[in-house]
file input.cif (mmCIF, C-alpha atoms and all ligand atoms)
data_query
loop_
_atom_site.label_atom_id
_atom_site.label_comp_id
_atom_site.auth_asym_id
_atom_site.auth_seq_id
_atom_site.Cartn_x
_atom_site.Cartn_y
_atom_site.Cartn_z
CA MET A 1 -36.99 57.65 -62.44
CA TRP A 2 -35.20 56.12 -59.42
CA GLU A 3 -36.80 56.58 -56.05
CA LEU A 4 -33.92 57.43 -53.72
CA ARG A 5 -36.10 57.63 -50.63
CA TRP A 6 -35.80 54.24 -48.91
CA TRP A 7 -37.29 55.23 -45.54
CA THR A 8 -40.87 55.65 -44.36
CA SER A 9 -42.53 57.20 -41.32
CA GLU A 10 -42.13 53.75 -39.68
CA THR A 11 -38.33 53.93 -40.01
CA THR A 12 -36.96 54.46 -36.50
CA ALA A 13 -33.82 56.42 -35.66
CA ILE A 14 -32.24 56.89 -32.23
CA VAL A 15 -29.98 59.90 -31.66
CA THR A 16 -27.86 60.02 -28.50
CA GLY A 17 -27.02 63.36 -26.89
CA ALA A 18 -29.69 64.98 -29.05
CA ASN A 19 -30.40 67.92 -26.75
CA ARG A 20 -27.81 70.24 -28.31
CA GLY A 21 -25.07 70.66 -30.89
CA ILE A 22 -24.70 68.23 -33.78
CA GLY A 23 -27.09 65.70 -32.19
CA LEU A 24 -29.89 68.26 -32.06
CA GLU A 25 -29.33 69.22 -35.71
CA VAL A 26 -29.21 65.57 -36.86
CA ALA A 27 -32.45 64.86 -34.99
CA LYS A 28 -34.10 67.88 -36.67
CA LEU A 29 -33.00 66.65 -40.12
CA LEU A 30 -34.28 63.13 -39.47
CA ALA A 31 -37.63 64.49 -38.23
CA GLU A 32 -37.84 66.80 -41.24
CA SER A 33 -37.28 63.78 -43.50
CA GLY A 34 -40.35 62.13 -41.97
CA LEU A 35 -38.73 59.37 -39.91
CA THR A 36 -39.69 58.38 -36.38
CA VAL A 37 -37.00 59.94 -34.21
CA ILE A 38 -36.13 58.91 -30.68
CA VAL A 39 -34.42 61.85 -29.07
CA THR A 40 -32.30 60.86 -26.09
CA ALA A 41 -30.49 62.96 -23.51
CA ARG A 42 -29.01 62.42 -20.06
CA ASP A 43 -31.06 65.25 -18.57
CA ALA A 44 -34.87 65.20 -18.84
CA ALA A 45 -35.42 68.97 -18.88
CA ARG A 46 -32.77 69.56 -21.54
CA GLY A 47 -34.07 66.63 -23.57
CA LEU A 48 -37.72 67.71 -23.44
CA ASN A 49 -36.74 71.23 -24.37
CA ALA A 50 -35.00 69.84 -27.47
CA VAL A 51 -38.05 67.71 -28.32
CA GLU A 52 -40.13 70.89 -28.51
CA LEU A 53 -37.65 72.35 -31.02
CA ILE A 54 -37.42 69.14 -33.07
CA ARG A 55 -41.23 68.80 -33.27
CA ASN A 56 -41.24 72.01 -35.32
CA HIS A 57 -39.44 69.96 -37.98
CA GLY A 58 -41.48 66.75 -37.91
CA PRO A 59 -44.29 65.16 -35.91
CA ARG A 60 -42.88 61.72 -35.04
CA VAL A 61 -40.56 62.62 -32.20
CA HIS A 62 -40.26 60.70 -28.92
CA PHE A 63 -38.08 61.23 -25.89
CA SER A 64 -36.24 58.97 -23.51
CA LEU A 65 -33.57 59.56 -20.92
CA LEU A 66 -30.27 57.92 -21.79
CA ASP A 67 -26.91 58.39 -20.12
CA VAL A 68 -24.55 56.45 -22.38
CA ALA A 69 -21.87 56.33 -19.66
CA ASP A 70 -24.22 54.41 -17.34
CA PRO A 71 -24.86 50.72 -18.21
CA ALA A 72 -28.04 50.73 -16.06
CA SER A 73 -29.38 53.68 -18.05
CA ILE A 74 -28.58 51.85 -21.32
CA ALA A 75 -30.44 48.74 -20.09
CA ALA A 76 -33.50 50.77 -19.02
CA PHE A 77 -33.54 52.67 -22.32
CA VAL A 78 -33.24 49.54 -24.46
CA ALA A 79 -36.03 47.80 -22.49
CA TRP A 80 -38.29 50.84 -23.03
CA PHE A 81 -37.38 51.03 -26.72
CA LYS A 82 -38.00 47.29 -27.35
CA ASP A 83 -41.37 47.49 -25.65
CA ARG A 84 -42.45 50.65 -27.47
CA PHE A 85 -40.99 50.18 -30.99
CA GLY A 86 -39.74 46.58 -31.35
CA GLN A 87 -37.42 47.31 -34.28
CA LEU A 88 -34.61 49.73 -35.01
CA ASP A 89 -33.28 51.00 -38.33
CA ILE A 90 -30.80 53.78 -37.48
CA LEU A 91 -28.60 54.57 -34.47
CA VAL A 92 -26.68 57.85 -34.35
CA ASN A 93 -23.94 57.57 -31.71
CA ASN A 94 -23.45 61.29 -31.18
CA ALA A 95 -23.17 61.75 -27.39
CA ALA A 96 -19.62 62.43 -26.32
CA ILE A 97 -17.48 64.54 -24.05
CA SER A 98 -14.09 66.15 -24.30
CA PHE A 99 -12.35 68.06 -21.57
CA ASN A 100 -9.68 69.28 -23.98
CA GLY A 101 -9.41 72.57 -25.76
CA ILE A 102 -8.55 72.53 -29.44
CA HIS A 103 -4.75 72.26 -28.91
CA GLU A 104 -4.82 70.23 -25.68
CA ASN A 105 -4.53 66.48 -25.26
CA THR A 106 -4.67 65.81 -21.51
CA VAL A 107 -5.66 62.38 -20.17
CA LYS A 108 -6.77 63.83 -16.82
CA HIS A 109 -10.40 62.77 -17.38
CA ALA A 110 -9.57 59.61 -19.35
CA GLU A 111 -11.86 57.31 -17.36
CA VAL A 112 -15.06 59.27 -17.90
CA VAL A 113 -14.09 60.02 -21.51
CA LEU A 114 -13.58 56.31 -22.25
CA LYS A 115 -16.80 55.37 -20.46
CA THR A 116 -18.74 57.92 -22.51
CA ASN A 117 -17.04 58.00 -25.89
CA PHE A 118 -15.93 54.36 -26.26
CA TYR A 119 -17.87 52.06 -23.94
CA GLY A 120 -21.10 54.10 -24.31
CA PRO A 121 -21.54 53.44 -28.06
CA LYS A 122 -20.12 49.91 -27.74
CA LEU A 123 -22.53 48.83 -24.99
CA LEU A 124 -25.45 50.61 -26.64
CA ILE A 125 -24.84 48.90 -30.01
CA GLU A 126 -24.53 45.50 -28.32
CA ALA A 127 -27.75 46.02 -26.35
CA LEU A 128 -29.62 47.17 -29.47
CA LEU A 129 -28.51 44.29 -31.74
CA PRO A 130 -31.74 42.27 -31.19
CA VAL A 131 -33.92 45.20 -32.31
CA PHE A 132 -31.61 45.97 -35.24
CA ARG A 133 -32.13 42.35 -36.35
CA CYS A 134 -35.90 43.00 -36.47
CA SER A 135 -35.43 45.88 -38.93
CA THR A 136 -37.00 45.39 -42.34
CA SER A 137 -34.46 47.76 -43.93
CA LYS A 138 -30.66 47.67 -43.81
CA SER A 139 -29.55 48.68 -40.33
CA ARG A 140 -27.43 51.79 -40.18
CA ILE A 141 -25.10 52.91 -37.37
CA LEU A 142 -23.56 56.36 -37.57
CA ASN A 143 -20.62 56.93 -35.20
CA LEU A 144 -19.53 60.53 -34.87
CA SER A 145 -15.84 60.88 -34.27
CA SER A 146 -12.94 63.24 -34.73
CA ARG A 147 -9.59 63.31 -36.50
CA LEU A 148 -8.14 62.96 -32.99
CA GLY A 149 -9.60 59.46 -32.99
CA LEU A 150 -7.31 58.46 -35.85
CA THR A 151 -4.05 56.76 -34.94
CA ASN A 152 -2.24 57.44 -38.21
CA VAL A 153 -2.48 61.22 -38.41
CA SER A 154 0.70 63.16 -37.70
CA HIS A 155 0.19 66.19 -35.48
CA HIS A 156 2.63 68.05 -37.69
CA SER A 157 0.91 67.28 -40.96
CA HIS A 158 -1.24 69.84 -42.71
CA SER A 159 -4.64 68.62 -43.70
CA ILE A 160 -6.91 69.93 -46.41
CA PHE A 161 -9.95 68.34 -44.73
N1 LIG B 201 -18.19 70.05 -32.89
C1 LIG B 201 -17.08 69.64 -33.47
O1 LIG B 201 -16.28 70.42 -34.01
C2 LIG B 201 -16.73 68.16 -33.49
C3 LIG B 201 -15.51 67.77 -34.03
C4 LIG B 201 -15.17 66.43 -34.06
C5 LIG B 201 -16.06 65.49 -33.57
N2 LIG B 201 -17.25 65.89 -33.04
C6 LIG B 201 -18.14 64.85 -32.54
O2 LIG B 201 -19.49 65.16 -32.83
C7 LIG B 201 -20.33 64.77 -31.75
C8 LIG B 201 -21.15 65.94 -31.26
O3 LIG B 201 -20.32 67.04 -31.03
P1 LIG B 201 -20.92 68.43 -30.53
O4 LIG B 201 -19.92 69.46 -30.87
O5 LIG B 201 -22.31 68.58 -30.99
O6 LIG B 201 -20.88 68.19 -28.93
P2 LIG B 201 -21.61 69.00 -27.75
O7 LIG B 201 -22.24 70.26 -28.25
O8 LIG B 201 -20.63 69.06 -26.64
O9 LIG B 201 -22.82 68.00 -27.35
C9 LIG B 201 -22.51 66.75 -26.81
C10 LIG B 201 -23.81 66.07 -26.50
O10 LIG B 201 -23.49 64.82 -25.89
C11 LIG B 201 -24.21 64.73 -24.67
N3 LIG B 201 -23.58 63.87 -23.70
C12 LIG B 201 -22.37 63.99 -23.11
N4 LIG B 201 -22.18 62.98 -22.24
C13 LIG B 201 -23.29 62.20 -22.32
C14 LIG B 201 -23.69 61.02 -21.68
N5 LIG B 201 -22.92 60.39 -20.76
N6 LIG B 201 -24.89 60.47 -21.99
C15 LIG B 201 -25.69 61.08 -22.90
N7 LIG B 201 -25.39 62.22 -23.53
C16 LIG B 201 -24.18 62.77 -23.23
C17 LIG B 201 -24.33 66.18 -24.18
O11 LIG B 201 -25.34 66.26 -23.19
P3 LIG B 201 -25.35 67.45 -22.08
O12 LIG B 201 -26.01 68.62 -22.73
O13 LIG B 201 -26.17 66.85 -20.98
O14 LIG B 201 -23.92 67.72 -21.69
C18 LIG B 201 -24.67 66.85 -25.50
O15 LIG B 201 -26.02 66.66 -25.80
C19 LIG B 201 -19.42 64.18 -30.69
O16 LIG B 201 -19.40 62.78 -30.83
C20 LIG B 201 -18.06 64.77 -31.02
O17 LIG B 201 -17.00 63.93 -30.62
C21 LIG B 201 -17.59 67.20 -32.99
#
call {"tool": "encode", "arguments": {"input": "input.cif", "output": "structure tokens"}}
result
Amino acid sequence: MWELRWWTSETTAIVTGANRGIGLEVAKLLAESGLTVIVTARDAARGLNAVELIRNHGPRVHFSLLDVADPASIAAFVAWFKDRFGQLDILVNNAAISFNGIHENTVKHAEVVLKTNFYGPKLLIEALLPVFRCSTSKSRILNLSSRLGLTNVSHHSHSIF
């Protein structure tokens, strides 16, 4: 029979914005699957609180501060990660902000939104490329997005998704 499980406890996964919401749930699932999970958050207390919850799902859970909108924070995080783990298999770019309600589309906070939602993942991926290249498995990057990020979706169309 085929063995579908390609990962081991040495497989490392970073989740950004893992202190709540989808990021927290993804980190729980990765921990439950037995991977080494690096939980990151921009606030230490909120991040450590999440680590306590995630450790109920798996033992290999580590924490680091990471504000994806701050290039200095990205540099400090990547230096810490390289020193501690040396190789990376999975990056979950989950951290994001939106100041809009469900039917709003204001650009009032465009600068901070772009810094967080676009440049954050971009700069983080670029900084992590050397440790991705040390991975013994296929590297995987998961970018969470939204239909609003698509340029070819009509606002008047009805979607079944
Ligand atoms: N929920 C949905 O219906 C939905 C729909 C479409 C797309 N998405 C996408 O799914 C992802 C997660 O959504 P969610 O609903 O779980 O969001 P959420 O509950 O608002 O959580 C966002 C997470 O990102 C963190 N974050 C924000 N700015 C950050 C920064 N500069 N550095 C580090 N962390 C930062 C937040 O930290 P703090 O706690 O410190 O604020 C929080 O942990 C996002 O990428 C979002 O665009 C979600």
call {"tool": "residues_near_ligand", "arguments": {"input": "input.cif", "ligand": "ligand LIG 201 (chain B)", "cutoff": "8 Å", "atoms": "only C-alpha atoms and all ligand atoms", "output": "CSV table (one decimal) with C-alpha atoms, in the coordinates of the input"}}
result
chain,number,residue,atom,x,y,z
A,16,THR,CA,-27.9,60.0,-28.5
A,17,GLY,CA,-27.0,63.4,-26.9
A,18,ALA,CA,-29.7,65.0,-29.0
A,19,ASN,CA,-30.4,67.9,-26.8
A,20,ARG,CA,-27.8,70.2,-28.3
A,21,GLY,CA,-25.1,70.7,-30.9
A,22,ILE,CA,-24.7,68.2,-33.8
A,23,GLY,CA,-27.1,65.7,-32.2
A,24,LEU,CA,-29.9,68.3,-32.1
A,40,THR,CA,-32.3,60.9,-26.1
A,41,ALA,CA,-30.5,63.0,-23.5
A,42,ARG,CA,-29.0,62.4,-20.1
A,43,ASP,CA,-31.1,65.2,-18.6
A,46,ARG,CA,-32.8,69.6,-21.5
A,66,LEU,CA,-30.3,57.9,-21.8
A,67,ASP,CA,-26.9,58.4,-20.1
A,68,VAL,CA,-24.6,56.4,-22.4
A,69,ALA,CA,-21.9,56.3,-19.7
A,70,ASP,CA,-24.2,54.4,-17.3
A,93,ASN,CA,-23.9,57.6,-31.7
A,94,ASN,CA,-23.4,61.3,-31.2
A,95,ALA,CA,-23.2,61.8,-27.4
A,96,ALA,CA,-19.6,62.4,-26.3
A,97,ILE,CA,-17.5,64.5,-24.0
A,98,SER,CA,-14.1,66.2,-24.3
A,115,LYS,CA,-16.8,55.4,-20.5
A,116,THR,CA,-18.7,57.9,-22.5
A,117,ASN,CA,-17.0,58.0,-25.9
A,120,GLY,CA,-21.1,54.1,-24.3
A,143,ASN,CA,-20.6,56.9,-35.2
A,144,LEU,CA,-19.5,60.5,-34.9
A,145,SER,CA,-15.8,60.9,-34.3
A,146,SER,CA,-12.9,63.2,-34.7
A,147,ARG,CA,-9.6,63.3,-36.5
A,148,LEU,CA,-8.1,63.0,-33.0
call {"tool": "atom_distance", "arguments": {"input": "input.cif", "atom1": "CA of Pro130 (chain A)", "atom2": "CA of Ala79 (chain A)"}}
result
11.2 Å
call {"tool": "closest_residue", "arguments": {"input": "input.cif", "among": "A:Pro121, A:Gly86, A:Pro59, A:Gly149", "to": "Ala31 (chain A)", "atoms": "all atoms listed in the file"}}
result
A:Pro59
call {"tool": "residues_around", "arguments": {"input": "input.cif", "residues": "Leu29 (chain A)", "least_positions_apart": "5", "cutoff": "12 Å", "atoms": "all atoms listed in the file", "output": "PyMOL selection string"}}
result
chain A and resi 13+15+18+22-24+34-37+53-58+61
call {"tool": "closest_residue", "arguments": {"input": "input.cif", "among": "A:Cys134, A:Phe63, A:Leu91, A:Pro71", "to": "Asn49 (chain A)", "atoms": "only C-alpha atoms"}}
result
A:Phe63
call {"tool": "closest_residue", "arguments": {"input": "input.cif", "among": "A:Trp7, A:Phe99, A:Phe77, A:Phe85", "to": "Leu123 (chain A)", "atoms": "all atoms listed in the file"}}
result
A:Phe77
call {"tool": "closest_residue", "arguments": {"input": "input.cif", "among": "A:Ile102, A:Ile38, A:Leu124, A:Ile141", "to": "Val51 (chain A)", "atoms": "all atoms listed in the file"}}
result
A:Ile38
call {"tool": "closest_residue", "arguments": {"input": "input.cif", "among": "A:Glu32, A:Asp89, A:Asp83, A:Glu52", "to": "Arg140 (chain A)", "atoms": "all atoms listed in the file"}}
result
A:Asp89
call {"tool": "atom_distance", "arguments": {"input": "input.cif", "atom1": "CA of Leu88 (chain A)", "atom2": "CA of Leu150 (chain A)"}}
result
28.7 Å
call {"tool": "atom_distance", "arguments": {"input": "input.cif", "atom1": "CA of Glu126 (chain A)", "atom2": "CA of Val112 (chain A)"}}
result
19.7 Å
call {"tool": "closest_residue", "arguments": {"input": "input.cif", "among": "A:Val39, A:Ala50, A:Ala45, A:Ile74", "to": "Ile14 (chain A)", "atoms": "only C-alpha atoms"}}
result
A:Val39
call {"tool": "build_atoms", "arguments": {"input": "input.cif", "residues": "region 29-57 of chain A", "atoms": "N, CA and C atoms", "output": "compact mmCIF listing (two decimals), in the frame of the given file"}}
result
# COMPACT_ATOMS: atom_id res chain seq x y z
N LEU A 29 -33.03 67.08 -38.72
CA LEU A 29 -33.00 66.65 -40.12
C LEU A 29 -33.76 65.33 -40.31
N LEU A 30 -33.58 64.41 -39.37
CA LEU A 30 -34.28 63.13 -39.47
C LEU A 30 -35.79 63.34 -39.34
N ALA A 31 -36.19 64.21 -38.41
CA ALA A 31 -37.63 64.49 -38.23
C ALA A 31 -38.19 65.16 -39.48
N GLU A 32 -37.43 66.09 -40.03
CA GLU A 32 -37.84 66.80 -41.24
C GLU A 32 -38.00 65.84 -42.42
N SER A 33 -37.21 64.77 -42.43
CA SER A 33 -37.28 63.78 -43.50
C SER A 33 -38.42 62.79 -43.29
N GLY A 34 -39.14 62.93 -42.18
CA GLY A 34 -40.35 62.13 -41.97
C GLY A 34 -40.15 60.84 -41.21
N LEU A 35 -38.97 60.60 -40.67
CA LEU A 35 -38.73 59.37 -39.91
C LEU A 35 -39.30 59.50 -38.50
N THR A 36 -39.38 58.37 -37.81
CA THR A 36 -39.69 58.38 -36.38
C THR A 36 -38.38 58.55 -35.63
N VAL A 37 -38.28 59.62 -34.85
CA VAL A 37 -37.00 59.94 -34.21
C VAL A 37 -37.11 59.78 -32.69
N ILE A 38 -36.18 59.05 -32.13
CA ILE A 38 -36.13 58.91 -30.68
C ILE A 38 -34.98 59.77 -30.19
N VAL A 39 -35.38 60.88 -29.60
CA VAL A 39 -34.42 61.85 -29.07
C VAL A 39 -34.02 61.38 -27.67
N THR A 40 -32.72 61.25 -27.44
CA THR A 40 -32.30 60.86 -26.09
C THR A 40 -31.33 61.91 -25.53
N ALA A 41 -31.38 62.03 -24.21
CA ALA A 41 -30.49 62.96 -23.51
C ALA A 41 -30.31 62.45 -22.09
N ARG A 42 -29.23 62.89 -21.43
CA ARG A 42 -29.01 62.42 -20.06
C ARG A 42 -29.73 63.28 -19.03
N ASP A 43 -30.32 64.37 -19.48
CA ASP A 43 -31.06 65.25 -18.57
C ASP A 43 -32.47 65.46 -19.15
N ALA A 44 -33.49 65.17 -18.34
CA ALA A 44 -34.87 65.20 -18.84
C ALA A 44 -35.29 66.60 -19.31
N ALA A 45 -34.97 67.62 -18.52
CA ALA A 45 -35.42 68.97 -18.88
C ALA A 45 -34.77 69.42 -20.18
N ARG A 46 -33.47 69.17 -20.30
CA ARG A 46 -32.77 69.56 -21.54
C ARG A 46 -33.28 68.76 -22.73
N GLY A 47 -33.58 67.48 -22.49
CA GLY A 47 -34.07 66.63 -23.57
C GLY A 47 -35.46 67.06 -24.02
N LEU A 48 -36.34 67.32 -23.07
CA LEU A 48 -37.72 67.71 -23.44
C LEU A 48 -37.75 69.07 -24.12
N ASN A 49 -36.87 69.93 -23.71
CA ASN A 49 -36.74 71.23 -24.37
C ASN A 49 -36.35 71.04 -25.84
N ALA A 50 -35.42 70.12 -26.08
CA ALA A 50 -35.00 69.84 -27.47
C ALA A 50 -36.15 69.22 -28.27
N VAL A 51 -36.92 68.35 -27.63
CA VAL A 51 -38.05 67.71 -28.32
C VAL A 51 -39.00 68.78 -28.86
N GLU A 52 -39.25 69.80 -28.06
CA GLU A 52 -40.13 70.89 -28.51
C GLU A 52 -39.59 71.52 -29.79
N LEU A 53 -38.28 71.76 -29.83
CA LEU A 53 -37.65 72.35 -31.02
C LEU A 53 -37.74 71.40 -32.21
N ILE A 54 -37.47 70.13 -31.96
CA ILE A 54 -37.42 69.14 -33.07
C ILE A 54 -38.82 68.92 -33.63
N ARG A 55 -39.85 69.01 -32.79
CA ARG A 55 -41.23 68.80 -33.27
C ARG A 55 -41.66 69.88 -34.25
N ASN A 56 -40.96 70.99 -34.29
CA ASN A 56 -41.24 72.01 -35.32
C ASN A 56 -40.81 71.52 -36.70
N HIS A 57 -39.98 70.47 -36.71
CA HIS A 57 -39.44 69.96 -37.98
C HIS A 57 -40.12 68.68 -38.44
